[in-house]
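Step one of this worksheet: look at the structure below.
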Amino acid sequence: MDDSLPQILSSYSGSQGELIPILQAVQAEFGYLPEDAMSKVAAFCSVPESKVFGIASFYAQFRLLPLGRTQITICRGTACHVRGAPEILSEVKRQLGVEEGQTTPDLEYSLETVACIGCCALAPCLTVNGRVESSMTSKKVKQFFAREEEDAA
Amino acid sequence: MQLEDRQQRTSMRDKNGGGNGLSILVGAATCGRSAGALETMEAFRQELSNRSIAADIVETGCLGLCYAEPVVGIAEPGRPTIWYRNVTPERAGELVKGCLVSGKPPTEYALGSTGEGTVEGIPLLSDLATLKPQVRRVLQNCGLISPTSIDQYIAVGGYDALRKAVLEMQPAEVIDEVTRSGLRGLGGAGFPVGRKWDGCRRAEGHEKYVICNADEGDPGAFQDRSVLEGDPHSVIEGMIIAGYAVGAGHGYVYVRAEYPLAVEYLETAILQASDRGFLGDNILGSDFCFHLEVFQGAGAFVCGESTALTLSIEGNRGMPRPFPRPRTTDVGLWNKPTLLNNVKSFASIRWILNKGAEWFAEVGTEKSRGTAVFSLTGKIVNCGLIEVPMGITLREIIFDIGGGIPGGRAFKAVQTGGPSGGCLPASLLDTPVDFDSLAAAGSIMGSGGMVVLDEDTCMVDVARYFLDFSDKESCGQCSLCRLGSSEMLEVLKKITEGRGSMEDTDLLVEMGEAIRLGSICGLGQTVPNPVLTTLRYFRDEYEAHIRDKECPARVCKELISYRILPDKCKACMICLRECPVEAIQGAKREVHVIDQGKCIRCGACLSACPPRFSAVECIPGRLTDGG
């Protein structure tokens with residue numbers, strides 16, 4: 001982090017209007033917003049730390065905790081909901097043993113939900129590290145984790 | 001400049017019509033990709049290389065036929081382009097062989113053809129039942145041209161409208177044309193676009209901004225994303241014209257960070273437009289200067305509201321400004337006059353300038369001119385992106401374009417307008433789709449999400465779902481929205497869990513009214529809509545949950561049961577093994593029974609039971625053990 005943060009900041013001028021883009025760049029680098037980085041961003045933009053934390057906690061995109069290596073995001077959009085997203089979510093929860101917003105203790109998986117990823121026609125869907133998996137069923141979820149386990153073994 | 005462009009156009013035409021001219025067009029927007037378009041594209045690349053055929057593989061946006069993804073078009077000189085549906089990588093070989101080697105294009109998976117002439121056994125794409133009633137303006141290029149090629153956009157008349165505006169018209173004339181077209185804001189509220197432009201033009205100040213609202217946050221809506229992924233230049237062109245008309249020098253496209261492909265295509269398109277002199281200083285040699293950048297929203301539904309959106313660009317929490325407040329067109333971004341319109345509104349502008357206000361206004365109704373773009377999803381056969389003339393009925397959209405409800409199920413309701421909208425029942429299927437008729441029925445036009453619900457959808461659960469969304473997305477500054485939505489959600493949860501009382505429905509109406517009156521922004525004021533419309537049209541379902549402790553649609557877990565029919569059970573052990581909580585008792589040759597006390601009602605047994613047995617059924621209401 002010692003090197004990369006100054007490098008990120010060097011492409012900005014430090015105006016308040018850059019706060020959100022800077023935090024997005026920081027998160028893209030670290031996967032979340034480390035406390036230390038937020039303090040430095042506050043100093044860089046000459047705003048109180050509370051302002052940075054206020055933004056980080058307001059917007060759904062920002063995370064204050066590190067993510068697992070595999071990020072699973074379940075779409076909770078309307079189309080997904082009526083086509084069975086709740087079943088998919090509970091199956092993934094059962095498989096991972098964590099609730100939404102949590103990461104497995106071995107830092108392997110993070111589980112999140114998102115309002116809508118806009119692939120409504122292929123509902124219900126979820127993303128695995130950004131890759132969209134469409135027309136999901138509980139069975140497909142089970143198969144996915146079974147494959148993952150095989151790969152890990 | 002003009003000459004240069006004409007040359008480019010000619011060269012484009014050559015590329016499409018003459019020379020080798022072979023191209024494979026693959027719908028590779030987010031929806032296509034999630035259906036496997038990139039794998040399909042790779043298969044074509046491999047197949048062409050194996051057969052040493054030189055052809056361009058072009059990534060296009062979304063044609064809107066999401067149910068048919070991945071969609072592939074095969075263009076060969078001297079023959080119309082043929083579009084195929086559900087093109088898995090395995091089908092690549094067959095299509096290349098048929099279309100490009102033997103000259104006998106397969107008809108089996110053909111959707112239709114575009115371009116001059118016909119192909120035997122293949123209908124015209126525009127005759128497809130789902131496309132025939134549509135009027136494609138905003139979506140005209142989506143799926144047909146490469147979103148990353150400015151040349152292809154120019155070849156179909158792109159930037160003609162900008163040229164006309166900047167070189168031949170005064171700003172006031174541009175605004176007059178837009179006003180006369182009757183175009184209303186397609187972001188949902190339907191404010192007359194021309195009047196908004198005029199207000200911004202008249203606002204005092206030299207520094208003004210144009211913002212495109214692409215913070216498409218409604219769950220169940222993806223039409224803005226599809227336009228940005230399919231035809232980003234059309235939006236950019238509309239924004240530049242708006243900048244010219246209102247006297248702005250800088251613009252932002254505020255787009256959700258969840259739409260990475262749209263962001264990428266937009267950024268590419270902005271660079272291309274700048275290179276060609278459509279953006280930047282002295283546009284087309286005139287004195288007009290306009291700069292454009294992309295701002296990625298960080299995931300807050302409320303930022304679709306104009307004041308929250310501008311605060312967000314300024315680096316703040318996106319919390320709508322309280323009333324009384326000046327109009328954004330007077331005091332907006334950085335306290336400067338700001339014009340804010342939706343993606344589809346900007347994409348409509350070039351039509352108005354190219355074809356004239358009268359031509360534009362020919363389609364639509366008296367008070368809602370032009371077209372409406374919807375994401376048609378949910379329990380519908382032809383899921384996808386559609387563009388229809390204003391005034392078409394819900395029935396035509398759902399049954400003619402959408403192909404009706406899959407699996408022979410009955411239609412129950414259609415939801416428009418997302419969390420701010422409402423659910424309309426079958427009795428209102430003949431309602432014309434325009435701003436005023438939908439509002440009169442208790443819903444709204446919204447940004448364009450249209451989710452079809454069938455008899456297996458529980459309306460109380462749908463209301464709870466939207467309240468849950470609004471509760472999470474409330475920015476928190478108005479107590480009635482922040483606390484009221486949580487309270488309404490609690491009451492709805494109580495009802496869906498069988499703990500409701502008959503007075504709860506009155507309480508919901510009362511709280512809904514209070515939230516509407518006591519919230520400052522459009523999000524807060526419309527939070528109760530999904531509850532109020534479902535109460536209005538589907539009160540019997542609420543009553544079944546409360547009085548009979550049953551979920552008629554068999555959705556609410558606390559109010560349903562699964563059971564195994566003894567006379568159908570073949571004791572095959574399949575469901576028993578699938579049950580995640582070991583709630584099924586039985587053995588080989590011993591009819592299985594569900595232990596209702598242990599059952600978590602996940603439905604795994606129902607989906608596991610082989611269809612030829614169909615021994616598991618889900619019923620409304622709770623069974624006690626032994627049932």
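Just remember, in the structure tokens the first chain shown is A, the second B, etc., residues are 1-based per chain, and ligands are 1-based in the order shown.
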
At a cut-off of 6 Å, list the chain A residues touching chain B, using only C-alpha atoms, as a PDB file with C-alpha atoms, in the first residue's frame.
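And here is the file that came out, iface.pdb:
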ATOM      1  CA  GLN A  16     -13.521  17.685  -3.393  1.00  0.00           C
ATOM      2  CA  GLY A  17     -15.274  16.703  -6.584  1.00  0.00           C
ATOM      3  CA  LEU A  19     -13.502  12.244  -3.740  1.00  0.00           C
ATOM      4  CA  ILE A  20     -15.740   9.548  -5.169  1.00  0.00           C
ATOM      5  CA  ILE A  55     -19.236   8.945   1.634  1.00  0.00           C
ATOM      6  CA  TYR A  59     -22.657   4.401  -1.212  1.00  0.00           C
ATOM      7  CA  ALA A  60     -23.294   0.705  -1.665  1.00  0.00           C
ATOM      8  CA  GLN A  61     -20.240   0.274  -3.857  1.00  0.00           C
ATOM      9  CA  GLY A  77     -33.643  -7.342  -8.937  1.00  0.00           C
ATOM     10  CA  THR A  78     -37.383  -7.667  -9.462  1.00  0.00           C
ATOM     11  CA  ALA A  79     -37.110 -10.065 -12.346  1.00  0.00           C
ATOM     12  CA  ALA A 115     -30.042  -4.288  -6.350  1.00  0.00           C
ATOM     13  CA  CYS A 116     -29.942  -5.275 -10.011  1.00  0.00           C
ATOM     14  CA  GLY A 118     -29.493  -5.531 -15.398  1.00  0.00           C
ATOM     15  CA  CYS A 119     -29.525  -9.025 -16.885  1.00  0.00           C
ATOM     16  CA  CYS A 120     -33.194  -9.373 -16.093  1.00  0.00           C
ATOM     17  CA  ALA A 121     -33.998 -11.437 -19.135  1.00  0.00           C
ATOM     18  CA  VAL A 132     -22.494 -13.309 -14.864  1.00  0.00           C
TER      19      VAL A 132
END

>> Please return, as a PyMOL selection string, all residues of stretch 389-486 of chain B that DSSP assigns to strand (DSSP E or B) on the basis of the backbone.
In response: chain B and resi 389+393+411-416+422-425+432+449-454

>> Quick one: residues within 7 Å of A:Leu33, only C-alpha atoms, excluding same-chain residues fewer than 5 positions away - as a VMD selection string?
In response: chain A and resid 26 to 27 38 63 to 64

Deliver the residues from the most recent selection as a file, using C-alpha atoms, as a PDB file, in the first residue's frame.
ATOM      1  CA  VAL A  26      -8.488   3.026  -4.080  1.00  0.00           C
ATOM      2  CA  GLN A  27     -11.038   0.243  -3.839  1.00  0.00           C
ATOM      3  CA  MET A  38      -9.278   6.871   3.828  1.00  0.00           C
ATOM      4  CA  ARG A  63     -16.565  -1.763   1.281  1.00  0.00           C
ATOM      5  CA  LEU A  64     -14.829  -1.203   4.587  1.00  0.00           C
TER       6      LEU A  64
END

>> Please identify the alpha helix (DSSP H) residues within stretch 1-150 of chain A (assignment by DSSP from backbone atoms) and present them as a PyMOL selection string.
In response: chain A and resi 4-9+19-30+35-44+49-58+78-82+85-96+138-150

>> Need to verify the contact set: B:Val527, 7 Å, only C-alpha atoms, exclusion of same-chain residues closer than 5 positions in sequence. Can you return it as a ChimeraX atom specification?
In response: /B:419-420,467,470

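In this structure, atom CA of B:Ile211 sits 7.9 Å away from atom CA of B:Met239.
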
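Separating atom CA of A:Val82 from atom CA of B:Ala553 is a distance of 11.5 Å.
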
>> For a quick check of understanding, using only C-alpha atoms, which of A:Leu67, A:Cys125, A:Leu111, A:Ser10 has the smallest distance to A:Arg94?
In response: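 Of A:Leu67, A:Cys125, A:Leu111, A:Ser10, the one nearest A:Arg94, counting only C-alpha atoms, is A:Leu111.
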
>> Residues within 12 Å of A:Lys93, please, as a ChimeraX atom specification. Count only C-alpha atoms; anything in the same chain fewer than 5 positions from it doesn't count.
In response: /A:72-74,86-88,98-104,109-113,138,141-142,145

> How many Å separate atom CA of B:Asp231 from atom CA of B:Phe399?
Replying inline: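 It comes out at 27.8 Å.
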
12 Å contact set for A:Pro34, only C-alpha atoms, chain neighbours under 3 positions out, as a CSV table (one decimal) with C-alpha atoms, in the first residue's frame:
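out-v5.csv written:
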chain,number,residue,atom,x,y,z
A,1,MET,CA,0.0,0.0,0.0
A,5,LEU,CA,-1.7,4.9,-2.8
A,23,LEU,CA,-12.2,6.2,-3.5
A,26,VAL,CA,-8.5,3.0,-4.1
A,27,GLN,CA,-11.0,0.2,-3.8
A,28,ALA,CA,-10.1,-1.0,-7.3
A,29,GLU,CA,-6.5,-1.4,-6.0
A,30,PHE,CA,-7.1,-2.9,-2.6
A,31,GLY,CA,-10.5,-4.5,-3.0
A,37,ALA,CA,-6.1,5.0,3.0
A,38,MET,CA,-9.3,6.9,3.8
A,39,SER,CA,-7.4,9.1,6.2
A,40,LYS,CA,-4.8,9.9,3.6
A,41,VAL,CA,-7.5,10.6,1.0
A,52,VAL,CA,-14.7,10.6,3.6
A,53,PHE,CA,-16.2,8.0,6.0
A,56,ALA,CA,-17.7,5.5,2.1
A,62,PHE,CA,-17.7,0.9,-1.1
A,63,ARG,CA,-16.6,-1.8,1.3
A,64,LEU,CA,-14.8,-1.2,4.6
A,65,LEU,CA,-13.7,-4.8,5.0
A,66,PRO,CA,-11.5,-6.9,2.8
A,67,LEU,CA,-13.1,-9.3,0.4

Quick one: residues within 8 Å of B:Lys588, only C-alpha atoms counted, chain neighbours fewer than 4 positions away excluded, as a PDB file with C-alpha atoms, in the first residue's frame?
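Dumped to result-v9.pdb:
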ATOM      1  CA  ALA B 571     -40.080 -44.401  -2.674  1.00  0.00           C
ATOM      2  CA  CYS B 572     -37.083 -43.715  -4.873  1.00  0.00           C
ATOM      3  CA  MET B 573     -35.116 -41.818  -2.205  1.00  0.00           C
TER       4      MET B 573
END

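Distances from B:Thr338, B:Thr416, B:Thr40, B:Ser274 to B:Tyr209 were compared using only C-alpha atoms, and the smallest one belongs to B:Thr338.
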